[in-house]
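K.L.:
Sharing final.cif, mmCIF, C-alpha atoms and all ligand atoms:
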data_input
loop_
_atom_site.group_PDB
_atom_site.id
_atom_site.type_symbol
_atom_site.label_atom_id
_atom_site.label_comp_id
_atom_site.auth_asym_id
_atom_site.auth_seq_id
_atom_site.Cartn_x
_atom_site.Cartn_y
_atom_site.Cartn_z
ATOM 1 C CA MET A 9 -8.517 -13.368 -2.562
ATOM 2 C CA THR A 10 -5.059 -11.910 -2.015
ATOM 3 C CA GLY A 11 -3.715 -11.288 -5.505
ATOM 4 C CA TYR A 12 -0.629 -9.407 -6.699
ATOM 5 C CA GLY A 13 1.115 -12.595 -7.845
ATOM 6 C CA GLU A 14 1.067 -11.626 -11.549
ATOM 7 C CA LEU A 15 1.244 -7.858 -10.978
ATOM 8 C CA ALA A 16 4.304 -8.158 -8.727
ATOM 9 C CA GLU A 17 6.383 -8.879 -11.845
ATOM 10 C CA VAL A 18 5.350 -5.612 -13.537
ATOM 11 C CA TYR A 19 4.575 -3.492 -10.494
ATOM 12 C CA GLU A 20 6.997 -0.679 -11.398
ATOM 13 C CA TRP A 21 4.673 0.284 -14.290
ATOM 14 C CA LEU A 22 2.045 1.045 -11.608
ATOM 15 C CA ILE A 23 4.265 3.249 -9.436
ATOM 16 C CA SER A 24 4.265 6.968 -10.225
ATOM 17 C CA ASP A 25 7.403 8.513 -11.745
ATOM 18 C CA ALA A 26 7.931 10.554 -8.574
ATOM 19 C CA LYS A 27 8.180 7.515 -6.257
ATOM 20 C CA LEU A 28 10.178 5.053 -8.326
ATOM 21 C CA THR A 29 13.355 5.010 -6.265
ATOM 22 C CA PRO A 30 13.565 4.090 -2.570
ATOM 23 C CA ALA A 31 14.905 7.575 -1.769
ATOM 24 C CA GLU A 32 11.998 9.289 -3.545
ATOM 25 C CA PHE A 33 9.372 6.996 -2.011
ATOM 26 C CA ALA A 34 10.681 7.584 1.532
ATOM 27 C CA ALA A 35 11.015 11.340 0.910
ATOM 28 C CA SER A 36 7.343 11.515 -0.076
ATOM 29 C CA PHE A 37 6.494 10.954 3.629
ATOM 30 C CA GLY A 38 8.954 13.577 4.913
ATOM 31 C CA ASP A 39 6.229 16.195 5.286
ATOM 32 C CA VAL A 40 3.975 13.998 7.438
ATOM 33 C CA LEU A 41 6.683 12.393 9.570
ATOM 34 C CA GLY A 42 9.666 14.734 9.592
ATOM 35 C CA LEU A 43 13.005 13.021 10.044
ATOM 36 C CA LEU A 44 12.822 9.663 11.800
ATOM 37 C CA PRO A 45 15.615 9.254 14.361
ATOM 38 C CA PRO A 46 18.112 6.529 13.351
ATOM 39 C CA GLY A 47 17.093 3.171 14.838
ATOM 40 C CA THR A 48 13.351 3.930 14.700
ATOM 41 C CA ASP A 49 11.486 0.614 14.468
ATOM 42 C CA VAL A 50 9.322 0.684 11.368
ATOM 43 C CA LEU A 51 6.893 -1.827 9.903
ATOM 44 C CA ASP A 52 5.667 -1.502 6.319
ATOM 45 C CA CYS A 53 2.758 -3.952 6.431
ATOM 46 C CA SER A 54 1.845 -3.881 2.705
ATOM 47 C CA CYS A 55 5.337 -3.406 1.341
ATOM 48 C CA GLY A 56 4.695 -4.189 -2.321
ATOM 49 C CA THR A 57 7.995 -4.133 -4.191
ATOM 50 C CA GLY A 58 9.778 -2.527 -1.222
ATOM 51 C CA GLN A 59 10.693 1.014 -2.318
ATOM 52 C CA LEU A 60 9.423 2.595 0.923
ATOM 53 C CA ALA A 61 10.935 -0.075 3.202
ATOM 54 C CA VAL A 62 14.334 0.128 1.521
ATOM 55 C CA GLY A 63 14.220 3.934 1.353
ATOM 56 C CA LEU A 64 13.554 4.182 5.105
ATOM 57 C CA ALA A 65 16.285 1.619 5.855
ATOM 58 C CA CYS A 66 18.711 3.751 3.820
ATOM 59 C CA LEU A 67 17.797 6.656 6.134
ATOM 60 C CA GLY A 68 18.752 4.603 9.217
ATOM 61 C CA ALA A 69 15.434 3.107 10.337
ATOM 62 C CA ARG A 70 15.231 -0.556 11.446
ATOM 63 C CA VAL A 71 12.683 -1.822 8.967
ATOM 64 C CA VAL A 72 10.485 -4.906 8.760
ATOM 65 C CA ALA A 73 8.509 -5.332 5.535
ATOM 66 C CA THR A 74 5.496 -7.622 5.303
ATOM 67 C CA ASP A 75 2.939 -8.336 2.618
ATOM 68 C CA ALA A 76 0.288 -10.970 1.932
ATOM 69 C CA SER A 77 1.833 -11.681 -1.478
ATOM 70 C CA GLU A 78 4.829 -14.020 -1.541
ATOM 71 C CA ALA A 79 5.923 -12.504 -4.865
ATOM 72 C CA MET A 80 5.897 -8.967 -3.399
ATOM 73 C CA VAL A 81 7.898 -10.069 -0.346
ATOM 74 C CA ARG A 82 10.458 -11.703 -2.650
ATOM 75 C CA ARG A 83 10.816 -8.493 -4.671
ATOM 76 C CA THR A 84 11.295 -6.451 -1.480
ATOM 77 C CA ALA A 85 14.027 -8.827 -0.291
ATOM 78 C CA GLU A 86 15.753 -8.521 -3.689
ATOM 79 C CA LEU A 87 15.569 -4.711 -3.596
ATOM 80 C CA SER A 88 16.954 -4.659 -0.049
ATOM 81 C CA GLU A 89 19.883 -6.807 -1.161
ATOM 82 C CA GLU A 90 20.473 -4.599 -4.204
ATOM 83 C CA PHE A 91 20.698 -1.497 -1.957
ATOM 84 C CA GLY A 92 22.764 -3.243 0.726
ATOM 85 C CA THR A 93 20.141 -2.743 3.449
ATOM 86 C CA SER A 94 18.970 -5.334 5.968
ATOM 87 C CA VAL A 95 15.203 -5.067 5.714
ATOM 88 C CA ARG A 96 13.633 -8.121 7.366
ATOM 89 C CA THR A 97 10.877 -9.543 5.161
ATOM 90 C CA VAL A 98 7.966 -11.733 6.259
ATOM 91 C CA ARG A 99 4.984 -12.961 4.245
ATOM 92 C CA ALA A 100 1.978 -12.136 6.390
ATOM 93 C CA ASP A 101 -1.607 -11.069 5.993
ATOM 94 C CA TRP A 102 -2.530 -8.142 8.278
ATOM 95 C CA GLU A 103 -4.541 -10.425 10.555
ATOM 96 C CA GLU A 104 -1.531 -12.738 10.940
ATOM 97 C CA LEU A 105 0.836 -9.977 12.092
ATOM 98 C CA PRO A 106 0.290 -10.456 15.868
ATOM 99 C CA GLY A 107 1.442 -14.081 15.394
ATOM 100 C CA HIS A 108 4.802 -12.829 14.082
ATOM 101 C CA PHE A 109 5.539 -9.828 16.302
ATOM 102 C CA ASP A 110 5.044 -8.922 19.967
ATOM 103 C CA ASP A 111 2.652 -6.120 20.835
ATOM 104 C CA ALA A 112 4.289 -2.664 21.001
ATOM 105 C CA THR A 113 7.235 -3.568 18.738
ATOM 106 C CA PHE A 114 7.156 -0.609 16.335
ATOM 107 C CA ASP A 115 7.351 3.200 16.478
ATOM 108 C CA VAL A 116 5.784 3.653 13.036
ATOM 109 C CA VAL A 117 3.571 1.369 10.945
ATOM 110 C CA PHE A 118 2.945 2.179 7.277
ATOM 111 C CA CYS A 119 -0.043 0.889 5.317
ATOM 112 C CA VAL A 120 0.199 2.910 2.127
ATOM 113 C CA GLY A 121 -0.416 2.934 -1.616
ATOM 114 C CA ASN A 122 -4.069 1.903 -1.859
ATOM 115 C CA SER A 123 -3.686 -1.255 0.201
ATOM 116 C CA LEU A 124 -6.287 -1.114 2.986
ATOM 117 C CA HIS A 125 -9.245 -1.383 0.586
ATOM 118 C CA HIS A 126 -8.191 -5.008 0.018
ATOM 119 C CA ALA A 127 -9.314 -5.868 3.587
ATOM 120 C CA ALA A 128 -12.643 -7.700 3.324
ATOM 121 C CA GLY A 129 -15.340 -5.274 4.387
ATOM 122 C CA ALA A 130 -15.680 -3.364 7.646
ATOM 123 C CA ARG A 131 -14.964 -6.494 9.693
ATOM 124 C CA GLY A 132 -11.764 -7.262 7.805
ATOM 125 C CA ARG A 133 -10.674 -3.628 7.873
ATOM 126 C CA VAL A 134 -11.149 -3.278 11.639
ATOM 127 C CA ALA A 135 -9.308 -6.587 12.190
ATOM 128 C CA ALA A 136 -6.427 -5.327 10.015
ATOM 129 C CA LEU A 137 -6.296 -1.945 11.796
ATOM 130 C CA GLU A 138 -6.459 -3.725 15.159
ATOM 131 C CA SER A 139 -3.372 -5.789 14.246
ATOM 132 C CA MET A 140 -1.490 -2.653 13.181
ATOM 133 C CA ALA A 141 -2.508 -0.801 16.382
ATOM 134 C CA ARG A 142 -1.415 -3.693 18.619
ATOM 135 C CA LEU A 143 2.084 -3.667 17.154
ATOM 136 C CA LEU A 144 2.551 0.062 17.804
ATOM 137 C CA ARG A 145 4.204 1.371 20.953
ATOM 138 C CA ARG A 146 2.233 3.948 22.958
ATOM 139 C CA GLY A 147 2.647 7.257 21.100
ATOM 140 C CA GLY A 148 3.685 5.357 17.946
ATOM 141 C CA ARG A 149 2.094 6.352 14.644
ATOM 142 C CA LEU A 150 0.173 4.612 11.892
ATOM 143 C CA VAL A 151 0.631 6.232 8.476
ATOM 144 C CA LEU A 152 -2.106 5.297 6.065
ATOM 145 C CA THR A 153 -2.788 6.472 2.533
ATOM 146 C CA SER A 154 -6.040 5.910 0.722
ATOM 147 C CA ARG A 155 -7.912 6.532 -2.459
ATOM 148 C CA THR A 156 -10.816 8.938 -2.020
ATOM 149 C CA TRP A 157 -13.507 6.311 -2.528
ATOM 150 C CA GLU A 158 -16.209 8.991 -2.353
ATOM 151 C CA LEU A 159 -14.849 10.197 -5.740
ATOM 152 C CA VAL A 160 -14.141 6.758 -7.194
ATOM 153 C CA ARG A 161 -17.665 5.494 -6.464
ATOM 154 C CA ALA A 162 -19.289 8.662 -7.836
ATOM 155 C CA ARG A 163 -17.632 7.979 -11.217
ATOM 156 C CA GLY A 164 -19.144 4.486 -11.427
ATOM 157 C CA SER A 165 -17.831 1.471 -13.349
ATOM 158 C CA ARG A 166 -15.426 2.467 -16.072
ATOM 159 C CA LEU A 167 -12.213 1.845 -17.946
ATOM 160 C CA ASP A 168 -9.161 4.065 -17.332
ATOM 161 C CA ILE A 169 -6.353 3.797 -19.850
ATOM 162 C CA THR A 170 -3.109 5.756 -19.471
ATOM 163 C CA ASP A 171 -2.933 8.547 -22.062
ATOM 164 C CA ARG A 172 0.761 7.917 -22.692
ATOM 165 C CA LEU A 173 3.119 4.975 -22.644
ATOM 166 C CA VAL A 174 4.744 4.294 -19.289
ATOM 167 C CA ARG A 175 8.446 3.498 -19.661
ATOM 168 C CA ARG A 176 10.232 1.339 -17.071
ATOM 169 C CA ASN A 177 13.404 -0.760 -17.432
ATOM 170 C CA GLY A 178 13.640 0.288 -21.097
ATOM 171 C CA ARG A 179 10.177 -1.101 -21.923
ATOM 172 C CA ASP A 180 6.982 0.790 -22.740
ATOM 173 C CA ALA A 181 3.551 -0.252 -21.505
ATOM 174 C CA VAL A 182 -0.059 0.837 -21.631
ATOM 175 C CA VAL A 183 -1.675 0.531 -18.194
ATOM 176 C CA VAL A 184 -5.395 -0.188 -17.959
ATOM 177 C CA TYR A 185 -7.639 -0.037 -14.871
ATOM 178 C CA ARG A 186 -11.135 -1.504 -15.141
ATOM 179 C CA TRP A 187 -13.287 -0.441 -12.207
ATOM 180 C CA GLU A 188 -16.309 -2.538 -11.242
ATOM 181 C CA ILE A 189 -18.324 -0.409 -8.832
ATOM 182 C CA ALA A 190 -21.020 -2.343 -6.943
ATOM 183 C CA PRO A 191 -24.388 -0.714 -6.171
ATOM 184 C CA LEU A 192 -23.730 -0.523 -2.411
ATOM 185 C CA TRP A 193 -20.696 0.738 -0.488
ATOM 186 C CA GLU A 194 -20.433 -2.388 1.643
ATOM 187 C CA GLN A 195 -20.410 -4.812 -1.304
ATOM 188 C CA GLU A 196 -17.269 -6.343 -2.789
ATOM 189 C CA HIS A 197 -15.940 -4.188 -5.650
ATOM 190 C CA HIS A 198 -13.320 -5.153 -8.243
ATOM 191 C CA ILE A 199 -10.424 -3.488 -10.005
ATOM 192 C CA GLU A 200 -8.882 -5.291 -12.940
ATOM 193 C CA ILE A 201 -5.420 -3.992 -13.744
ATOM 194 C CA ALA A 202 -3.589 -4.801 -16.959
ATOM 195 C CA VAL A 203 -0.044 -3.839 -17.917
ATOM 196 C CA ALA A 204 0.374 -4.299 -21.686
ATOM 197 C CA GLN A 205 4.041 -4.052 -22.636
ATOM 198 C CA VAL A 206 4.475 -3.098 -26.258
ATOM 199 C CA ASP A 207 7.521 -3.828 -28.345
ATOM 200 C CA ALA A 208 8.442 -1.785 -31.409
ATOM 201 C CA THR A 209 8.769 -5.036 -33.382
ATOM 202 C CA GLY A 210 5.105 -5.930 -32.761
ATOM 203 C CA PRO A 211 4.576 -8.273 -29.806
ATOM 204 C CA VAL A 212 2.436 -7.174 -26.851
ATOM 205 C CA LEU A 213 2.974 -8.882 -23.486
ATOM 206 C CA VAL A 214 0.016 -8.533 -21.133
ATOM 207 C CA ARG A 215 -0.005 -9.195 -17.386
ATOM 208 C CA SER A 216 -3.295 -8.634 -15.617
ATOM 209 C CA GLU A 217 -5.116 -9.380 -12.408
ATOM 210 C CA LEU A 218 -8.607 -9.007 -11.046
ATOM 211 C CA LEU A 219 -8.422 -7.628 -7.492
ATOM 212 C CA SER A 220 -11.173 -7.473 -4.879
ATOM 213 C CA CYS A 221 -11.661 -4.377 -2.790
ATOM 214 C CA TRP A 222 -14.100 -3.000 -0.257
ATOM 215 C CA PRO A 223 -14.400 0.798 -0.274
ATOM 216 C CA TYR A 224 -14.919 2.969 2.778
ATOM 217 C CA ARG A 225 -15.710 6.588 3.470
ATOM 218 C CA HIS A 226 -13.179 8.837 5.199
ATOM 219 C CA ASP A 227 -15.597 9.218 8.155
ATOM 220 C CA GLU A 228 -15.846 5.439 8.540
ATOM 221 C CA LEU A 229 -12.090 5.075 8.499
ATOM 222 C CA GLU A 230 -11.728 7.716 11.221
ATOM 223 C CA ALA A 231 -14.308 5.938 13.395
ATOM 224 C CA GLU A 232 -12.578 2.589 12.847
ATOM 225 C CA LEU A 233 -9.175 4.040 13.768
ATOM 226 C CA HIS A 234 -10.667 5.319 17.041
ATOM 227 C CA GLN A 235 -12.318 1.940 17.630
ATOM 228 C CA VAL A 236 -8.884 0.241 17.638
ATOM 229 C CA GLY A 237 -7.328 2.777 20.022
ATOM 230 C CA LEU A 238 -5.759 5.234 17.580
ATOM 231 C CA ARG A 239 -6.254 9.003 17.589
ATOM 232 C CA THR A 240 -6.086 10.902 14.295
ATOM 233 C CA ASP A 241 -3.268 13.468 14.367
ATOM 234 C CA THR A 242 -3.567 14.701 10.791
ATOM 235 C CA SER A 243 -5.622 13.914 7.727
ATOM 236 C CA THR A 244 -5.231 15.454 4.280
ATOM 237 C CA PHE A 245 -8.730 14.303 3.250
ATOM 238 C CA ASN A 246 -10.308 16.554 0.633
ATOM 239 C CA PRO A 247 -13.430 15.207 -1.104
ATOM 240 C CA GLU A 248 -12.151 16.555 -4.430
ATOM 241 C CA ALA A 249 -8.617 15.116 -4.300
ATOM 242 C CA GLU A 250 -7.784 11.594 -5.542
ATOM 243 C CA ASN A 251 -5.894 10.424 -2.445
ATOM 244 C CA TYR A 252 -5.354 11.318 1.190
ATOM 245 C CA THR A 253 -2.979 10.513 4.032
ATOM 246 C CA VAL A 254 -3.978 9.908 7.631
ATOM 247 C CA VAL A 255 -1.507 9.831 10.524
ATOM 248 C CA ALA A 256 -2.928 8.367 13.740
ATOM 249 C CA SER A 257 -1.228 7.827 17.105
ATOM 250 C CA LYS A 258 -1.615 5.025 19.610
ATOM 251 C CA VAL A 259 -3.115 6.497 22.774
HETATM 252 C C1 LIG B 1 -1.486 -1.374 -4.367
HETATM 253 S S1 LIG B 1 -0.280 -2.366 -3.586
HETATM 254 C C2 LIG B 1 0.663 -1.157 -2.660
HETATM 255 C C3 LIG B 1 2.087 -1.592 -2.401
HETATM 256 C C4 LIG B 1 2.998 -0.534 -1.772
HETATM 257 N N1 LIG B 1 2.576 -0.200 -0.432
HETATM 258 C C5 LIG B 1 3.083 0.705 -2.629
HETATM 259 O O1 LIG B 1 2.673 1.789 -2.171
HETATM 260 O O2 LIG B 1 3.566 0.614 -3.774
HETATM 261 C C6 LIG B 1 -1.226 -3.169 -2.345
HETATM 262 C C7 LIG B 1 -0.420 -4.167 -1.537
HETATM 263 O O3 LIG B 1 -1.223 -4.650 -0.454
HETATM 264 C C8 LIG B 1 -0.954 -6.021 -0.300
HETATM 265 N N2 LIG B 1 -2.085 -6.653 0.397
HETATM 266 C C9 LIG B 1 -3.330 -6.881 -0.088
HETATM 267 N N3 LIG B 1 -4.083 -7.493 0.835
HETATM 268 C C10 LIG B 1 -3.294 -7.656 1.935
HETATM 269 C C11 LIG B 1 -3.507 -8.226 3.227
HETATM 270 N N4 LIG B 1 -4.694 -8.755 3.537
HETATM 271 N N5 LIG B 1 -2.483 -8.221 4.105
HETATM 272 C C12 LIG B 1 -1.286 -7.673 3.771
HETATM 273 N N6 LIG B 1 -1.023 -7.116 2.552
HETATM 274 C C13 LIG B 1 -2.016 -7.108 1.657
HETATM 275 C C14 LIG B 1 -0.775 -6.515 -1.725
HETATM 276 O O4 LIG B 1 -0.148 -7.768 -1.806
HETATM 277 C C15 LIG B 1 0.014 -5.384 -2.343
HETATM 278 O O5 LIG B 1 1.394 -5.571 -2.235
#
Can you give me the file's structure in the form of structure tokens?
Ligand SMILES: C[S@@+](CC[C@H](N)C(=O)[O-])C[C@H]1O[C@@H](n2cnc3c(N)ncnc32)[C@H](O)[C@@H]1O

P.N.:
Amino acid sequence: MTGYGELAEVYEWLISDAKLTPAEFAASFGDVLGLLPPGTDVLDCSCGTGQLAVGLACLGARVVATDASEAMVRRTAELSEEFGTSVRTVRADWEELPGHFDDATFDVVFCVGNSLHHAAGARGRVAALESMARLLRRGGRLVLTSRTWELVRARGSRLDITDRLVRRNGRDAVVVYRWEIAPLWEQEHHIEIAVAQVDATGPVLVRSELLSCWPYRHDELEAELHQVGLRTDTSTFNPEAENYTVVASKV
């Protein structure tokens, strides 16, 4: 199951205030990457609505943005046009990437924003990471962000509802996450996400989707990165923090 067809239309309600614009999204990686030289070849392989891809293109990178969701790829192309950048967009699942690009095409590959857990289990995750590694030049870097699943699983199945309205494009919404935590790590888990837009005159417009995900421990991820020929440069993993970033180089 790929998903993000329905959510693509309301995805800005799921992006944090601090990363809403392309400039802000790209700047959020400044500390891990430093300044990328103009002309750096970048792939964002789960581009979502394109803020990172467009932000990096605005900074002078040559950016390709891919995603499994046609609706997400369309939104990225629209954002690129709006900002006058020339981000190339391709609809592709991670495992399909080597069919679209030659090996060693990119200096940096991004897989960020809680995307990798959608790969189906350890086999799917290693296949996805293998595709990303193949496309990197020697010395090139994979930048990956992840939820801390150790924390998420410890909390068990639950409902998370935003404690304030989220305002985007002049509309307010309540955002709901329903977590279905399976008994075992390796089993398929689910997250149901609902964006309920409320209107002062009464109507509520709800868009929701049930997404599959397969959690992994930080240790497993590190081992899998090494398995596909990447060496971890830095990791911000902290078992008590919600998210972490790993930067790994192609050896
Ligand atoms: C939570 S969104 C993150 C989007 C964006 N990177 C961000 O940070 O806002 C996860 C993205 O991963 C994409 N995705 C899920 N499974 C995928 C797969 N197998 N191959 C490529 N992209 C996938 C989804 O379509 C979605 O756009």

K.L.:
A:Leu150, A:Ile199, A:Ala76, A:Leu144: which is nearest Ala16 in chain A, counting all atoms listed in the file?

P.N.:
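Ranking A:Leu150, A:Ile199, A:Ala76, A:Leu144 by distance to Ala16 in chain A, first place goes to A:Ala76.
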
K.L.:
Applying 6 Å and all atoms listed in the file, which residues near range 38-50 of chain A remain after dropping the ones on its own chain fewer than 6 positions away? List them as a list in words.

P.N.:
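The neighbour list is Gly68, Ala69, Arg70, Val71, Phe114, Asp115, Val116 and Val117 of chain A.
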
K.L.:
Go through chain A residue by residue and, counting all atoms listed in the file, keep those with an atom at most 6 Å from ligand LIG 1 (chain B); for each kept residue give the shortest atom pair and its distance in Å to one decimal, ordered by chain and increasing number, as a tab-separated table.

P.N.:
residue	atom	partner	partner_atom	distance
A:Thr10	CA	B:LIG1	N3	5.3
A:Tyr12	CA	B:LIG1	O4	5.2
A:Ser54	CA	B:LIG1	N6	4.3
A:Cys55	CA	B:LIG1	N1	4.6
A:Gly56	CA	B:LIG1	O5	3.6
A:Asp75	CA	B:LIG1	N6	4.1
A:Ala76	CA	B:LIG1	C12	4.1
A:Ser77	CA	B:LIG1	O4	4.4
A:Met80	CA	B:LIG1	O5	5.8
A:Asp101	CA	B:LIG1	N5	3.5
A:Trp102	CA	B:LIG1	N5	4.2
A:Val120	CA	B:LIG1	N1	4.7
A:Gly121	CA	B:LIG1	O1	3.3
A:Asn122	CA	B:LIG1	C1	4.9
A:Ser123	CA	B:LIG1	C6	4.0
A:His126	CA	B:LIG1	N3	4.9
A:Ala127	CA	B:LIG1	N4	5.4

K.L.:
Check what the PyMOL selection byres (((chain A and resi 129-132) around 8) and not hetatm) selects in the file above and give those residues as a PDB file with C-alpha atoms, keeping the file's coordinate frame.

P.N.:
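What landed in part-v1.pdb:
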ATOM      1  CA  ALA A 127      -9.314  -5.868   3.587  1.00  0.00           C
ATOM      2  CA  ALA A 128     -12.643  -7.700   3.324  1.00  0.00           C
ATOM      3  CA  ARG A 133     -10.674  -3.628   7.873  1.00  0.00           C
ATOM      4  CA  VAL A 134     -11.149  -3.278  11.639  1.00  0.00           C
ATOM      5  CA  ALA A 135      -9.308  -6.587  12.190  1.00  0.00           C
ATOM      6  CA  ALA A 136      -6.427  -5.327  10.015  1.00  0.00           C
ATOM      7  CA  GLU A 194     -20.433  -2.388   1.643  1.00  0.00           C
ATOM      8  CA  GLN A 195     -20.410  -4.812  -1.304  1.00  0.00           C
ATOM      9  CA  GLU A 196     -17.269  -6.343  -2.789  1.00  0.00           C
ATOM     10  CA  TRP A 222     -14.100  -3.000  -0.257  1.00  0.00           C
ATOM     11  CA  PRO A 223     -14.400   0.798  -0.274  1.00  0.00           C
TER      12      PRO A 223
END

K.L.:
Closest to Ala256 in chain A among A:Tyr224, A:Phe91, A:Phe118, A:Phe33, using only C-alpha atoms?

P.N.:
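So, comparing all the options, the nearest one is A:Phe118.
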
K.L.:
For His108 in chain A, please output as a list in words all residues within 9 Å (counting only C-alpha atoms; exclusion window: fewer than 4 positions along the same chain).

P.N.:
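My list of contacting residues is Val98, Ala100 and Glu104 of chain A.
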
K.L.:
Kindly export the residues of the current selection with C-alpha atoms, as an mmCIF file, keeping the file's coordinate frame.

P.N.:
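This is the output file result33.cif:
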data_model
loop_
_atom_site.group_PDB
_atom_site.id
_atom_site.type_symbol
_atom_site.label_atom_id
_atom_site.label_comp_id
_atom_site.auth_asym_id
_atom_site.auth_seq_id
_atom_site.Cartn_x
_atom_site.Cartn_y
_atom_site.Cartn_z
ATOM 1 C CA VAL A 98 7.966 -11.733 6.259
ATOM 2 C CA ALA A 100 1.978 -12.136 6.390
ATOM 3 C CA GLU A 104 -1.531 -12.738 10.940
#

K.L.:
Report, in Å with one decimal, the straight-line distance from CA of Lys27 in chain A to CA of Asp241 in chain A.

P.N.:
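Separation of CA of Lys27 in chain A and CA of Asp241 in chain A: 24.3 Å.
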
K.L.:
Give me the residues near Asp180 in chain A as a tab-separated table (two decimals) with C-alpha atoms, in the coordinates of the input, where near means some atom within 12 Å (using only C-alpha atoms) and where sequence neighbours in that chain fewer than 2 positions away do not count.

P.N.:
chain	number	residue	atom	x	y	z
A	18	VAL	CA	5.35	-5.61	-13.54
A	20	GLU	CA	7.00	-0.68	-11.40
A	21	TRP	CA	4.67	0.28	-14.29
A	170	THR	CA	-3.11	5.76	-19.47
A	172	ARG	CA	0.76	7.92	-22.69
A	173	LEU	CA	3.12	4.97	-22.64
A	174	VAL	CA	4.74	4.29	-19.29
A	175	ARG	CA	8.45	3.50	-19.66
A	176	ARG	CA	10.23	1.34	-17.07
A	177	ASN	CA	13.40	-0.76	-17.43
A	178	GLY	CA	13.64	0.29	-21.10
A	182	VAL	CA	-0.06	0.84	-21.63
A	183	VAL	CA	-1.68	0.53	-18.19
A	203	VAL	CA	-0.04	-3.84	-17.92
A	204	ALA	CA	0.37	-4.30	-21.69
A	205	GLN	CA	4.04	-4.05	-22.64
A	206	VAL	CA	4.47	-3.10	-26.26
A	207	ASP	CA	7.52	-3.83	-28.34
A	208	ALA	CA	8.44	-1.78	-31.41
A	211	PRO	CA	4.58	-8.27	-29.81
A	212	VAL	CA	2.44	-7.17	-26.85
A	213	LEU	CA	2.97	-8.88	-23.49
A	214	VAL	CA	0.02	-8.53	-21.13

K.L.:
Under the rule that all atoms listed in the file are counted, which of A:Leu51, A:Ala231, A:Ala61, A:Ile23 is the nearest residue to Arg145 in chain A?

P.N.:
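Using all atoms listed in the file, the shortest distance to Arg145 in chain A belongs to A:Leu51.
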
K.L.:
Under the rule that all atoms listed in the file are counted, which of A:Met140, A:Leu233, A:Glu200, A:Thr253 is the nearest residue to Glu217 in chain A?

P.N.:
A:Glu200

K.L.:
Compile the contact shell of Trp193 in chain A as a ChimeraX atom specification: residues with an atom at most 12 Å away, counting only C-alpha atoms, same-chain residues fewer than 4 positions apart removed.

P.N.:
/A:125,129-130,157-158,160-162,164,189,197,221-225,228

K.L.:
Between CA of His198 in chain A and CA of Arg166 in chain A, what distance in Å does the model show, to one decimal?

P.N.:
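One can read the CA of His198 in chain A to CA of Arg166 in chain A distance as 11.1 Å.
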
K.L.:
Between CA of Cys119 in chain A and CA of Asp52 in chain A, what is the spacing in Å?

P.N.:
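Atom-to-atom, CA of Asp52 in chain A to CA of Cys119 in chain A, that is 6.3 Å.
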